[in-house]
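Please read the structure below before turning to the comments.
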Amino acid sequence: MSILKPFRQLPGLNTANILLVENEEQLQVKIADSMVLLEKIININVRLARNLPLPVDKDQSRPRIDLVVFIINLTSEMSFSSAESSLKYLDPGYFLGKTCFMVSNARNSSIPPERLISVRKLAASLHCPLLYAEDQTEEGVVAAAQRLLAILKVAAGLVPMVTGFYLSTLTRCTVPSDLDQQSFD
């Protein structure tokens, strides 16, 4: 088991690599297809994984991963716990603008509100952006893919004068103090 490091390989010219990590694999394939279809100027390589760590046998041939996205389906408790357990296999350098969380099914009224609060607290504790995705419609998937493309281009160094760390300071998730002391009386 190896820890994924952000600067193990040299970057490719006009190339960006993204790793989508989702336990259920419902949304990641749709987003991967949309990202590849949307981007025409740079070469986008999308890697899919159910969880981390990645296999060690392909460690030398693995390209540099510019952005790691943890996709969490709020209707599944297993999705959150899988993402949480995968975090220990990321090098701390990834939390400087090269990691984000994406939540699906946030509008579902049957999910407990504590689950979304837990995801928000996790993203805030790691200073990572938290994105919301609508996976029920094609427009929602395309919008999520466009947001990820924008972040990926910055994380890969393809946007002049902007770094992933700078972008993450602008878009990181924060948890209001009133979420810690919820009272519904």
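Chain labels follow the order of the structure tokens: the first chain is A, the next B, and so on; residue numbering restarts at 1 in every chain, and ligands are counted from 1 in their shown order.
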Can you write out as CSV which residues of segment 47-162 of chain A fall within 9 Å of segment 23-30 of chain A, alongside each residue's closest atom pair and its distance in Å to one decimal, counting only C-alpha atoms and ordering rows by chain and ascending residue number?
```
residue,atom,partner,partner_atom,distance
A:Leu48,CA,A:Gln28,CA,7.2
A:Ala49,CA,A:Asn23,CA,7.9
A:Arg50,CA,A:Asn23,CA,4.6
A:Asn51,CA,A:Asn23,CA,6.3
A:Ile71,CA,A:Gln28,CA,7.4
A:Ile72,CA,A:Asn23,CA,7.9
A:Asn73,CA,A:Glu24,CA,8.0
A:Ser76,CA,A:Glu24,CA,8.8
A:Met78,CA,A:Asn23,CA,7.6
A:Ser79,CA,A:Asn23,CA,5.5
A:Phe80,CA,A:Asn23,CA,8.7
A:Ser82,CA,A:Asn23,CA,6.5
A:Ala83,CA,A:Asn23,CA,7.7
A:Ser104,CA,A:Leu27,CA,8.0
A:Asp135,CA,A:Leu27,CA,6.5
A:Glu138,CA,A:Lys30,CA,8.8
A:Val141,CA,A:Lys30,CA,6.8
A:Val142,CA,A:Lys30,CA,8.7
A:Ala145,CA,A:Lys30,CA,8.8
```
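The residues of segment 64-110 of chain A that DSSP classifies as helix (DSSP H, G or I), using the backbone of this structure, are Glu77, Met78, Ser79, Phe80, Ser81, Ser82, Ala83, Glu84, Ser85, Ser86, Leu87, Lys88, Tyr89, Pro92, Gly93, Tyr94 and Phe95 of chain A.
Distance check against Ser118 of chain A using only C-alpha atoms: of A:Val175, A:Leu4, A:Leu131, A:Val159, the minimum falls on A:Val175.
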Next on the checklist: Set the distance at 8 Å and use only C-alpha atoms: which residues neighbour Ile18 of chain A once local chain neighbours fewer than 6 positions away are removed? I'd like the list as a VMD selection string.
Outcome noted: chain A and resid 44 to 47 65 to 69 152
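Shortest separation to Leu13 of chain A among A:Ser85, A:Gln60, A:Thr137, A:Asn43 occurs at residue A:Asn43, atoms counted being only C-alpha atoms.
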Item to check | Secondary structure check, strand (DSSP E) residues of segment 66-168 of chain A, as a VMD selection string | outcome: chain A and resid 67 to 73 99 to 104 130 to 133
Atoms to include: N, CA, C and O atoms. Write the selected residues as a PDB file, in the first residue's frame.
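Now in selection.pdb:
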```
ATOM      1  N   LEU A  67      -5.493  16.356  -9.550  1.00  0.00           N
ATOM      2  CA  LEU A  67      -6.630  16.640  -8.685  1.00  0.00           C
ATOM      3  C   LEU A  67      -7.280  15.326  -8.271  1.00  0.00           C
ATOM      4  O   LEU A  67      -7.512  14.458  -9.104  1.00  0.00           O
ATOM      5  N   VAL A  68      -7.562  15.211  -6.979  1.00  0.00           N
ATOM      6  CA  VAL A  68      -8.282  14.050  -6.444  1.00  0.00           C
ATOM      7  C   VAL A  68      -9.648  14.548  -5.983  1.00  0.00           C
ATOM      8  O   VAL A  68      -9.739  15.506  -5.208  1.00  0.00           O
ATOM      9  N   VAL A  69     -10.701  13.891  -6.475  1.00  0.00           N
ATOM     10  CA  VAL A  69     -12.070  14.269  -6.131  1.00  0.00           C
ATOM     11  C   VAL A  69     -12.733  13.078  -5.447  1.00  0.00           C
ATOM     12  O   VAL A  69     -12.809  11.998  -6.022  1.00  0.00           O
ATOM     13  N   PHE A  70     -13.192  13.308  -4.234  1.00  0.00           N
ATOM     14  CA  PHE A  70     -13.945  12.295  -3.513  1.00  0.00           C
ATOM     15  C   PHE A  70     -15.421  12.586  -3.722  1.00  0.00           C
ATOM     16  O   PHE A  70     -15.924  13.628  -3.298  1.00  0.00           O
ATOM     17  N   ILE A  71     -16.121  11.660  -4.385  1.00  0.00           N
ATOM     18  CA  ILE A  71     -17.547  11.818  -4.652  1.00  0.00           C
ATOM     19  C   ILE A  71     -18.301  11.039  -3.579  1.00  0.00           C
ATOM     20  O   ILE A  71     -18.102   9.837  -3.418  1.00  0.00           O
ATOM     21  N   ILE A  72     -19.153  11.760  -2.860  1.00  0.00           N
ATOM     22  CA  ILE A  72     -19.881  11.155  -1.743  1.00  0.00           C
ATOM     23  C   ILE A  72     -21.366  11.216  -2.037  1.00  0.00           C
ATOM     24  O   ILE A  72     -21.929  12.295  -2.236  1.00  0.00           O
ATOM     25  N   ASN A  73     -21.992  10.048  -2.073  1.00  0.00           N
ATOM     26  CA  ASN A  73     -23.430   9.939  -2.250  1.00  0.00           C
ATOM     27  C   ASN A  73     -24.063   9.994  -0.862  1.00  0.00           C
ATOM     28  O   ASN A  73     -23.834   9.112  -0.037  1.00  0.00           O
ATOM     29  N   THR A  99      -7.185  18.635  -3.817  1.00  0.00           N
ATOM     30  CA  THR A  99      -8.235  17.720  -3.370  1.00  0.00           C
ATOM     31  C   THR A  99      -9.524  18.490  -3.198  1.00  0.00           C
ATOM     32  O   THR A  99      -9.511  19.623  -2.739  1.00  0.00           O
ATOM     33  N   CYS A 100     -10.637  17.873  -3.587  1.00  0.00           N
ATOM     34  CA  CYS A 100     -11.937  18.461  -3.288  1.00  0.00           C
ATOM     35  C   CYS A 100     -12.950  17.339  -3.079  1.00  0.00           C
ATOM     36  O   CYS A 100     -12.703  16.184  -3.412  1.00  0.00           O
ATOM     37  N   PHE A 101     -14.069  17.709  -2.506  1.00  0.00           N
ATOM     38  CA  PHE A 101     -15.156  16.771  -2.253  1.00  0.00           C
ATOM     39  C   PHE A 101     -16.349  17.179  -3.100  1.00  0.00           C
ATOM     40  O   PHE A 101     -16.611  18.370  -3.274  1.00  0.00           O
ATOM     41  N   MET A 102     -17.060  16.189  -3.622  1.00  0.00           N
ATOM     42  CA  MET A 102     -18.285  16.439  -4.374  1.00  0.00           C
ATOM     43  C   MET A 102     -19.386  15.586  -3.769  1.00  0.00           C
ATOM     44  O   MET A 102     -19.202  14.391  -3.549  1.00  0.00           O
ATOM     45  N   VAL A 103     -20.508  16.229  -3.478  1.00  0.00           N
ATOM     46  CA  VAL A 103     -21.631  15.564  -2.830  1.00  0.00           C
ATOM     47  C   VAL A 103     -22.765  15.441  -3.831  1.00  0.00           C
ATOM     48  O   VAL A 103     -23.090  16.390  -4.539  1.00  0.00           O
ATOM     49  N   SER A 104     -23.373  14.261  -3.887  1.00  0.00           N
ATOM     50  CA  SER A 104     -24.555  14.072  -4.725  1.00  0.00           C
ATOM     51  C   SER A 104     -25.742  13.726  -3.829  1.00  0.00           C
ATOM     52  O   SER A 104     -25.576  13.283  -2.697  1.00  0.00           O
ATOM     53  N   LEU A 130     -15.947  22.060  -1.255  1.00  0.00           N
ATOM     54  CA  LEU A 130     -17.052  21.110  -1.261  1.00  0.00           C
ATOM     55  C   LEU A 130     -18.008  21.537  -2.353  1.00  0.00           C
ATOM     56  O   LEU A 130     -18.541  22.643  -2.322  1.00  0.00           O
ATOM     57  N   LEU A 131     -18.185  20.669  -3.343  1.00  0.00           N
ATOM     58  CA  LEU A 131     -19.071  20.949  -4.468  1.00  0.00           C
ATOM     59  C   LEU A 131     -20.324  20.089  -4.350  1.00  0.00           C
ATOM     60  O   LEU A 131     -20.273  18.977  -3.827  1.00  0.00           O
ATOM     61  N   TYR A 132     -21.416  20.605  -4.864  1.00  0.00           N
ATOM     62  CA  TYR A 132     -22.671  19.867  -4.878  1.00  0.00           C
ATOM     63  C   TYR A 132     -23.004  19.525  -6.322  1.00  0.00           C
ATOM     64  O   TYR A 132     -22.876  20.371  -7.209  1.00  0.00           O
ATOM     65  N   ALA A 133     -23.438  18.299  -6.551  1.00  0.00           N
ATOM     66  CA  ALA A 133     -23.744  17.843  -7.903  1.00  0.00           C
ATOM     67  C   ALA A 133     -25.145  17.267  -7.952  1.00  0.00           C
ATOM     68  O   ALA A 133     -25.576  16.558  -7.050  1.00  0.00           O
TER      69      ALA A 133
END
```
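Distances to Ala124 of chain A were evaluated for A:Lys153, A:Arg172, A:Lys98, A:Arg107 using only C-alpha atoms, and the minimum falls at A:Arg172.
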Item to check | Asp57 of chain A environment, 12 Å, only C-alpha atoms, sequence neighbours closer than 4 positions dropped, as a ChimeraX atom specification | outcome: /A:1-2,53,61-62
